[in-house]
file data.txt (compact mmCIF, C-alpha atoms)
# COMPACT_ATOMS: atom_id res chain seq x y z
CA MET A 1 162.33 147.73 -14.80
CA ALA A 2 160.57 144.39 -14.93
CA SER A 3 158.78 143.04 -17.97
CA ILE A 4 156.14 140.30 -17.70
CA THR A 5 155.44 138.16 -20.77
CA LYS A 6 153.30 135.11 -21.39
CA LEU A 7 155.16 132.48 -23.44
CA GLU A 8 152.90 130.23 -25.50
CA ASN A 9 155.50 127.45 -25.78
CA ARG A 10 155.72 126.93 -22.00
CA LYS A 11 152.88 125.04 -20.33
CA ALA A 12 153.94 124.52 -16.71
CA LYS A 13 155.13 128.06 -16.02
CA PRO A 14 154.25 130.26 -19.00
CA TRP A 15 154.68 133.67 -17.33
CA GLN A 16 158.18 135.08 -17.73
CA VAL A 17 159.56 137.88 -15.57
CA ARG A 18 162.63 139.62 -16.99
CA ILE A 19 164.33 142.18 -14.75
CA ARG A 20 167.13 144.33 -16.13
CA ARG A 21 168.94 146.77 -13.88
CA LYS A 22 172.49 147.80 -12.93
CA ASN A 23 173.87 145.84 -15.90
CA GLN A 24 172.27 142.65 -14.56
CA THR A 25 169.44 140.60 -16.04
CA PHE A 26 167.40 138.02 -14.19
CA VAL A 27 164.74 135.77 -15.67
CA GLU A 28 162.22 133.74 -13.69
CA TYR A 29 159.10 131.79 -14.72
CA PHE A 30 155.76 131.45 -12.91
CA ARG A 31 152.50 129.56 -13.14
CA THR A 32 150.22 132.60 -13.04
CA LYS A 33 150.44 136.26 -13.93
CA ARG A 34 149.67 137.16 -10.32
CA GLU A 35 152.68 135.21 -9.06
CA ALA A 36 154.87 136.85 -11.70
CA ALA A 37 153.67 140.33 -10.74
CA ASP A 38 154.17 139.67 -7.01
CA PHE A 39 157.72 138.47 -7.64
CA ALA A 40 158.55 141.47 -9.82
CA ALA A 41 157.27 143.81 -7.12
CA LYS A 42 159.41 142.15 -4.45
CA VAL A 43 162.56 142.40 -6.56
CA GLU A 44 162.02 146.01 -7.50
CA ALA A 45 161.35 146.94 -3.88
CA ASP A 46 164.70 145.54 -2.72
CA PHE A 47 166.78 144.94 -5.81
CA ASP A 48 170.17 144.66 -4.12
CA ARG A 49 169.02 141.87 -1.83
CA TRP A 50 167.28 139.92 -4.59
CA ALA A 51 170.15 140.42 -7.00
CA LYS A 52 172.42 138.72 -4.51
CA LEU A 53 169.99 135.84 -4.08
CA LEU A 54 169.05 135.36 -7.71
CA GLY A 55 172.58 135.58 -9.01
CA GLY A 56 174.41 133.86 -6.20
CA GLU A 57 174.24 130.96 -3.85
CA LEU A 58 170.64 129.91 -4.43
CA ARG A 59 171.48 129.10 -8.03
CA ARG A 60 174.77 127.41 -7.24
CA HIS A 61 173.47 125.01 -4.58
CA THR A 62 170.84 122.29 -4.69
CA LEU A 63 168.19 121.07 -2.31
CA ALA A 64 170.24 117.90 -1.77
CA GLU A 65 173.13 120.00 -0.46
CA LEU A 66 170.81 121.80 1.94
CA ILE A 67 169.26 118.58 3.26
CA ASP A 68 172.68 116.92 3.62
CA ARG A 69 173.96 119.87 5.63
CA PHE A 70 170.89 119.80 7.87
CA MET A 71 171.04 116.02 8.49
CA ALA A 72 174.77 116.17 9.27
CA ARG A 73 173.89 118.47 12.18
CA TYR A 74 170.58 116.92 13.20
CA HIS A 75 170.67 115.49 16.72
CA GLY A 76 166.95 115.02 17.28
CA LYS A 77 165.57 111.62 18.22
CA ASP A 78 162.65 111.55 15.82
CA VAL A 79 163.84 108.97 13.28
CA SER A 80 160.95 109.81 10.94
CA VAL A 81 162.64 113.13 10.10
CA THR A 82 165.40 111.22 8.29
CA ALA A 83 162.91 109.31 6.13
CA ARG A 84 160.81 112.37 5.29
CA ALA A 85 163.80 114.57 4.51
CA GLY A 86 165.12 111.70 2.40
CA TRP A 87 161.93 111.67 0.34
CA TRP A 88 162.31 115.38 -0.50
CA ARG A 89 165.95 114.77 -1.37
CA ASP A 90 165.17 111.80 -3.63
CA GLU A 91 162.40 113.65 -5.48
CA TYR A 92 163.81 117.19 -5.72
CA GLY A 93 167.44 116.95 -4.65
CA THR A 94 168.89 118.01 -8.00
CA ARG A 95 166.80 121.17 -8.12
CA PRO A 96 168.66 124.45 -7.47
CA LEU A 97 167.51 126.19 -4.30
CA SER A 98 166.43 129.16 -6.40
CA GLU A 99 163.85 126.90 -8.08
CA PHE A 100 162.55 125.15 -4.96
CA THR A 101 159.49 127.28 -4.24
CA GLY A 102 156.15 127.11 -2.51
CA ASP A 103 154.72 125.66 -5.72
CA THR A 104 157.31 122.89 -5.54
CA VAL A 105 156.29 122.04 -1.99
CA ARG A 106 152.62 121.97 -3.01
CA GLU A 107 153.47 119.72 -5.94
CA GLY A 108 155.42 117.39 -3.66
CA LEU A 109 152.57 117.14 -1.17
CA SER A 110 150.15 116.40 -4.00
CA ARG A 111 152.38 113.58 -5.19
CA LEU A 112 152.60 112.20 -1.67
CA ALA A 113 148.80 112.30 -1.42
CA GLU A 114 148.66 109.85 -4.32
CA LEU A 115 150.91 107.31 -2.58
CA THR A 116 149.71 104.48 -0.35
CA ALA A 117 150.82 103.86 3.20
CA ARG A 118 153.06 101.06 4.37
CA GLN A 119 152.91 99.37 7.74
CA GLY A 120 156.03 98.31 9.54
CA GLY A 121 157.08 95.97 12.28
CA HIS A 122 158.57 92.53 11.76
CA LEU A 123 157.73 92.77 8.06
CA VAL A 124 157.10 96.01 6.16
CA THR A 125 154.15 95.59 3.79
CA ALA A 126 152.23 97.84 1.42
CA THR A 127 148.60 98.71 2.06
CA ASP A 128 145.81 100.19 -0.03
CA ARG A 129 145.38 103.15 2.34
CA ALA A 130 146.29 106.63 1.19
CA LEU A 131 148.71 108.60 3.33
CA SER A 132 146.76 110.35 6.07
CA PRO A 133 146.50 114.14 6.37
CA ALA A 134 148.60 113.87 9.53
CA THR A 135 151.38 112.12 7.61
CA LEU A 136 151.29 114.73 4.84
CA ASN A 137 151.56 117.44 7.47
CA ARG A 138 154.67 115.76 8.85
CA TYR A 139 156.31 115.84 5.40
CA ARG A 140 155.49 119.53 5.14
CA THR A 141 156.90 120.11 8.62
CA ALA A 142 160.11 118.26 7.72
CA ILE A 143 160.97 120.52 4.79
CA SER A 144 159.85 123.59 6.72
CA THR A 145 162.12 122.67 9.63
CA ILE A 146 165.08 122.30 7.28
CA TYR A 147 164.50 125.76 5.82
CA LYS A 148 164.03 127.31 9.26
CA ALA A 149 167.38 125.88 10.34
CA ALA A 150 168.99 127.22 7.16
CA MET A 151 167.60 130.71 7.72
CA ASP A 152 168.75 130.74 11.35
CA ALA A 153 172.24 129.56 10.41
CA GLY A 154 172.59 131.69 7.27
CA TRP A 155 173.15 128.76 4.92
CA PHE A 156 173.35 129.45 1.18
CA GLY A 157 171.80 132.90 1.52
CA ILE A 158 168.32 131.45 2.17
CA LYS A 159 165.92 134.17 3.30
CA GLU A 160 162.50 132.62 2.77
CA ASN A 161 160.81 129.36 3.75
CA PRO A 162 158.88 127.92 0.77
CA ALA A 163 156.62 125.91 3.10
CA ALA A 164 155.65 128.90 5.26
CA GLY A 165 152.56 129.87 3.30
CA ILE A 166 151.16 126.35 2.93
CA ARG A 167 148.32 125.53 5.30
CA GLN A 168 148.29 122.35 7.32
CA ARG A 169 145.79 119.73 6.21
CA ARG A 170 142.95 119.05 8.57
CA GLU A 171 143.72 115.89 10.50
CA ASN A 172 141.16 113.22 11.24
CA ASN A 173 141.52 112.33 14.90
CA ASN A 174 138.49 110.04 15.14
CA ARG A 175 140.73 107.00 15.77
CA PHE A 176 142.41 108.31 18.91
CA GLY A 177 142.55 104.86 20.43
CA ARG A 178 140.46 102.56 22.55
CA CYS A 179 140.75 100.92 25.92
CA LEU A 180 140.79 97.18 26.60
CA GLU A 181 137.73 96.18 28.59
CA ASP A 182 138.06 93.76 31.52
CA GLY A 183 136.77 90.63 29.77
CA GLU A 184 138.73 91.03 26.56
CA ARG A 185 141.88 92.02 28.48
CA ALA A 186 141.83 88.72 30.39
CA ARG A 187 141.27 86.74 27.16
CA LEU A 188 144.02 88.64 25.35
CA LEU A 189 146.60 88.11 28.12
CA GLU A 190 145.83 84.39 28.17
CA ALA A 191 146.22 84.19 24.38
CA CYS A 192 149.49 86.13 24.54
CA ASP A 193 150.87 83.64 27.07
CA LEU A 194 150.10 80.82 24.60
CA ALA A 195 151.57 82.59 21.55
CA ASN A 196 154.35 81.00 19.52
CA TRP A 197 156.59 83.95 20.36
CA THR A 198 157.11 83.43 24.07
CA GLY A 199 157.95 87.05 24.77
CA LEU A 200 154.53 88.38 23.78
CA GLY A 201 152.94 88.00 27.22
CA VAL A 202 155.81 89.91 28.85
CA PHE A 203 155.72 92.62 26.18
CA VAL A 204 151.96 93.21 26.45
CA ARG A 205 152.03 93.33 30.26
CA LEU A 206 154.88 95.83 30.19
CA ALA A 207 152.98 97.98 27.70
CA LEU A 208 149.87 97.95 29.87
CA ALA A 209 151.75 98.50 33.13
CA THR A 210 154.01 101.33 31.97
CA GLY A 211 152.21 102.98 29.04
CA ALA A 212 155.48 102.75 27.11
CA ARG A 213 155.42 103.04 23.35
CA ARG A 214 156.19 100.05 21.15
CA GLY A 215 159.54 101.48 20.07
CA GLU A 216 160.54 102.31 23.65
CA LEU A 217 159.95 98.72 24.74
CA MET A 218 161.67 97.18 21.73
CA LYS A 219 164.82 99.23 22.47
CA LEU A 220 165.03 98.06 26.08
CA THR A 221 168.18 96.19 27.08
CA TRP A 222 168.80 94.27 30.28
CA ALA A 223 171.05 97.12 31.39
CA ASP A 224 167.89 99.30 31.48
CA VAL A 225 166.13 96.92 33.90
CA ASP A 226 166.50 97.09 37.68
CA LEU A 227 164.57 94.08 38.96
CA LYS A 228 165.76 94.61 42.54
CA ALA A 229 164.41 98.16 42.72
CA GLY A 230 161.58 97.32 40.35
CA SER A 231 161.93 99.81 37.50
CA ILE A 232 162.87 100.16 33.86
CA LEU A 233 164.66 103.04 32.14
CA LEU A 234 163.15 104.07 28.81
CA ARG A 235 165.85 105.70 26.70
CA GLU A 236 165.61 108.02 23.70
CA THR A 237 161.87 108.42 23.99
CA LYS A 238 159.74 110.32 21.50
CA ASN A 239 159.88 113.56 23.48
CA GLY A 240 163.68 113.42 23.65
CA GLU A 241 163.93 112.63 27.37
CA ASP A 242 164.88 109.39 29.15
CA ARG A 243 162.27 108.28 31.66
CA ARG A 244 162.31 105.75 34.52
CA VAL A 245 159.04 103.93 35.22
CA PRO A 246 158.21 101.59 38.15
CA LEU A 247 157.62 97.90 37.48
CA ILE A 248 154.55 96.59 39.28
CA GLY A 249 152.98 93.29 40.23
CA GLU A 250 152.50 90.74 37.50
CA ALA A 251 154.56 92.69 34.96
CA ARG A 252 157.54 92.66 37.34
CA ALA A 253 157.10 88.96 38.13
CA ARG A 254 156.84 87.97 34.46
CA LEU A 255 159.91 90.02 33.60
CA ALA A 256 161.86 88.30 36.40
CA GLU A 257 160.93 84.91 34.91
CA TRP A 258 161.84 86.17 31.43
CA ALA A 259 165.29 87.16 32.75
CA LYS A 260 166.00 83.54 33.68
CA VAL A 261 165.85 82.48 30.02
CA ARG A 262 167.48 85.59 28.52
CA ARG A 263 169.78 85.28 25.53
CA LEU A 264 173.46 85.76 26.38
CA ASP A 265 174.43 86.79 22.86
CA ASP A 266 171.93 89.69 22.65
CA PRO A 267 171.50 92.47 25.26
CA ARG A 268 167.89 93.26 24.23
CA LEU A 269 164.89 92.26 26.33
CA PHE A 270 163.13 91.19 23.16
CA PRO A 271 165.75 89.80 20.76
CA GLY A 272 165.08 88.41 17.32
CA ALA A 273 166.38 85.20 15.80
CA THR A 274 169.71 86.95 15.17
CA PRO A 275 171.19 90.17 16.63
CA ASP A 276 170.25 92.13 13.49
CA LYS A 277 166.58 91.07 13.52
CA ASN A 278 163.53 91.97 15.59
CA PRO A 279 161.18 89.38 17.08
CA PRO A 280 157.95 88.47 15.23
CA LEU A 281 155.85 90.86 17.31
CA ASP A 282 153.18 91.74 14.73
CA TRP A 283 152.66 88.15 13.65
CA ALA A 284 152.31 86.91 17.24
CA TRP A 285 150.10 89.90 18.17
CA ASN A 286 147.67 89.25 15.34
CA GLN A 287 147.51 85.55 16.23
CA ALA A 288 146.77 86.34 19.87
CA LYS A 289 144.05 88.85 18.99
CA ALA A 290 142.36 86.33 16.72
CA ALA A 291 142.54 83.61 19.37
CA ALA A 292 141.09 85.96 22.01
CA GLY A 293 138.38 87.31 19.72
CA VAL A 294 139.60 90.90 20.21
CA GLU A 295 139.03 93.16 17.22
CA ASN A 296 140.08 96.65 16.17
CA LEU A 297 142.96 96.86 18.62
CA ARG A 298 146.43 98.20 17.87
CA ILE A 299 149.55 97.71 19.93
CA HIS A 300 149.48 101.47 20.58
CA ASP A 301 146.05 101.01 22.19
CA LEU A 302 147.80 99.27 25.10
CA ARG A 303 149.30 102.68 25.88
CA HIS A 304 145.85 104.30 25.65
CA SER A 305 144.53 101.58 27.95
CA CYS A 306 147.18 102.35 30.56
CA GLY A 307 146.27 106.04 30.49
CA SER A 308 142.55 105.22 30.73
CA TYR A 309 143.06 102.90 33.71
CA LEU A 310 145.06 105.60 35.50
CA ALA A 311 142.34 108.17 34.84
CA ARG A 312 139.66 105.82 36.21
CA ALA A 313 141.75 105.36 39.37
CA GLY A 314 141.76 109.11 39.93
CA ALA A 315 145.19 110.03 38.62
CA SER A 316 145.56 113.69 37.69
CA ALA A 317 146.38 114.85 34.18
CA PHE A 318 149.80 115.85 35.53
CA GLN A 319 150.49 112.35 36.83
CA ILE A 320 149.26 110.61 33.68
CA ALA A 321 151.35 112.90 31.47
CA ALA A 322 154.45 112.22 33.56
CA ILE A 323 154.01 108.42 33.54
CA LEU A 324 153.28 108.26 29.81
CA GLY A 325 156.08 110.68 28.96
CA HIS A 326 154.05 113.59 27.62
CA ARG A 327 156.46 116.51 27.93
CA SER A 328 153.69 118.97 26.99
CA GLY A 329 151.46 118.07 29.91
CA PRO A 330 149.95 120.81 32.07
CA GLY A 331 152.79 122.81 33.60
CA LEU A 332 155.32 120.01 33.15
CA THR A 333 159.06 120.52 33.16
CA ALA A 334 161.64 117.82 32.53
CA ARG A 335 162.62 117.79 36.22
CA TYR A 336 159.09 117.29 37.47
CA VAL A 337 158.34 114.66 34.84
CA HIS A 338 161.12 112.46 36.22
CA LEU A 339 160.10 113.00 39.84
CA VAL A 340 156.43 112.25 39.28
CA ALA A 341 157.02 109.24 37.00
CA GLU A 342 159.52 107.61 39.38
CA ASP A 343 157.35 108.25 42.44
CA SER A 344 154.18 106.72 40.99
CA ARG A 345 154.53 103.11 42.12
CA GLU A 346 151.59 103.25 44.54
CA LEU A 347 149.40 104.92 41.93
CA LEU A 348 150.28 102.33 39.29
CA GLU A 349 149.77 99.43 41.71
CA GLY A 350 146.34 100.74 42.65
CA ALA A 351 145.23 101.37 39.08
CA LEU A 352 146.81 98.42 37.29
CA GLY A 353 148.06 95.83 39.76
CA ALA A 354 145.00 93.59 39.68
CA MET A 355 144.52 93.80 35.92
CA LEU A 356 147.60 92.10 34.51
CA GLY A 357 147.40 88.53 35.71
CA GLY A 358 144.93 87.47 33.04
CA LYS A 359 142.50 86.17 35.67
call {"tool": "encode", "arguments": {"input": "data.txt", "output": "structure tokens"}}
result
Amino acid sequence: MASITKLENRKAKPWQVRIRRKNQTFVEYFRTKREAADFAAKVEADFDRWAKLLGGELRRHTLAELIDRFMARYHGKDVSVTARAGWWRDEYGTRPLSEFTGDTVREGLSRLAELTARQGGHLVTATDRALSPATLNRYRTAISTIYKAAMDAGWFGIKENPAAGIRQRRENNNRFGRCLEDGERARLLEACDLANWTGLGVFVRLALATGARRGELMKLTWADVDLKAGSILLRETKNGEDRRVPLIGEARARLAEWAKVRRLDDPRLFPGATPDKNPPLDWAWNQAKAAAGVENLRIHDLRHSCGSYLARAGASAFQIAAILGHRSGPGLTARYVHLVAEDSRELLEGALGAMLGGK
């Protein structure tokens, strides 16, 4: 039978559950009497299963061991998973799996909510902005994904996901993105061409002409460029699929000129001062925006602009999703994504060809 006792000398988890049966005794502590009673009921309903869990692997192994096992087998292309899993490991890695509960996840998310965001790029800097609800949801998803993998694979006797009962935070999607208008686009392209980093004009035109993400463009190498056929191959994209996109008009011409002054000691289209550094994209971008008088514009908004221009030109949602690399577009499959994206040169020329010369 289970006995539930409130201990006055314990503040965090004062409610003790002591279960004694079949010559075994298990003791657990909870924040509320309700949680203690629910746990006692679960154990008594299936004592053999819980006896194995409480007395076995969950006590012998830590969260760090679980995360390490997951990351050793993780082959996804979302690099943020590594950072978010690493945060859980740093903060709670020494905790036995038997003590990593839903309350622990809630506590972790509350601690994250008190942190401030950092912005990356050429130089990572701190900001005074709190982490967004969307970011907190991604941290919750990271630990949930790890536990789901453990349950599927049978690691450490894990049978429950501590993040399963925690609701997602409501995300604020008011800042979806904005589109460059004709006048400011011309001013911005002219300012980019005059920037101290000479690659900025090429980068911005590629972003507008292809809808590629910042990271996809920064990873491009000259081996991914086919100037003769007029296309670029975007590798290891966010949705996990490679995607080939046509090069059009001014973007193609500028890239051909850029190829004539390419660095021979670095295969990247946009190399930094040394092979282990990135170019000063953010610094040059901010300078160009200021010179052009363009406000409230992110690099990611170039991608939104591409999608908006395509929509104005009459492109279907299917075509836009394929060009931008949205795997979850209406009825899309990986095969059709490649076919539509590679066969969209005429559509891109019609929608974007006249916009990228800065005239």
call {"tool": "closest_residue", "arguments": {"input": "data.txt", "among": "A:Glu28, A:Glu160, A:Asp182, A:Asp301", "to": "Ala212 of chain A", "atoms": "all atoms listed in the file"}}
result
A:Asp301
call {"tool": "axis_aligned_box", "arguments": {"input": "data.txt", "around": "segment 75-88 of chain A", "padding_each_side": "3 Å", "output": "AutoDock Vina command-line options"}}
result
--center_x 165.7 --center_y 112.2 --center_z 8.9 --size_x 15.9 --size_y 12.5 --size_z 24.7
call {"tool": "atom_distance", "arguments": {"input": "data.txt", "atom1": "atom CA of Leu227 of chain A", "atom2": "atom CA of Leu180 of chain A"}}
result
27.0 Å
call {"tool": "closest_residue", "arguments": {"input": "data.txt", "among": "A:Lys6, A:Arg84, A:His326, A:Lys289", "to": "Ala186 of chain A", "atoms": "all atoms listed in the file"}}
result
A:Lys289
call {"tool": "atom_distance", "arguments": {"input": "data.txt", "atom1": "atom CA of Ile146 of chain A", "atom2": "atom CA of Ile67 of chain A"}}
result
6.9 Å
call {"tool": "closest_residue", "arguments": {"input": "data.txt", "among": "A:Gly314, A:Gly307, A:Gly154, A:Pro162", "to": "Asp103 of chain A", "atoms": "only C-alpha atoms"}}
result
A:Pro162
call {"tool": "closest_atom_pairs", "arguments": {"input": "data.txt", "of": "segment 265-308 of chain A", "to": "segment 201-207 of chain A", "cutoff": "10 Å", "atoms": "all atoms listed in the file", "output": "CSV"}}
result
residue,atom,partner,partner_atom,distance
A:Leu269,CA,A:Phe203,CA,9.2
A:Phe270,CA,A:Phe203,CA,8.1
A:Leu281,CA,A:Phe203,CA,9.0
A:Trp285,CA,A:Val204,CA,9.1
A:Ala288,CA,A:Gly201,CA,9.7
A:Ile299,CA,A:Val204,CA,8.3
A:His300,CA,A:Ala207,CA,8.7
A:Asp301,CA,A:Ala207,CA,9.4
A:Leu302,CA,A:Ala207,CA,5.9
A:Arg303,CA,A:Ala207,CA,6.2
A:His304,CA,A:Ala207,CA,9.7
A:Ser305,CA,A:Ala207,CA,9.2
A:Cys306,CA,A:Ala207,CA,7.8
call {"tool": "atom_distance", "arguments": {"input": "data.txt", "atom1": "atom CA of Asp90 of chain A", "atom2": "atom CA of Ala64 of chain A"}}
result
8.1 Å
call {"tool": "residues_around", "arguments": {"input": "data.txt", "residues": "Val261 of chain A", "least_positions_apart": "5", "cutoff": "12 Å", "atoms": "all atoms listed in the file", "output": "list in words"}}
result
Thr198, Gly199, Arg254, Leu255, Ala256, Asp266, Leu269, Phe270 and Pro271 of chain A
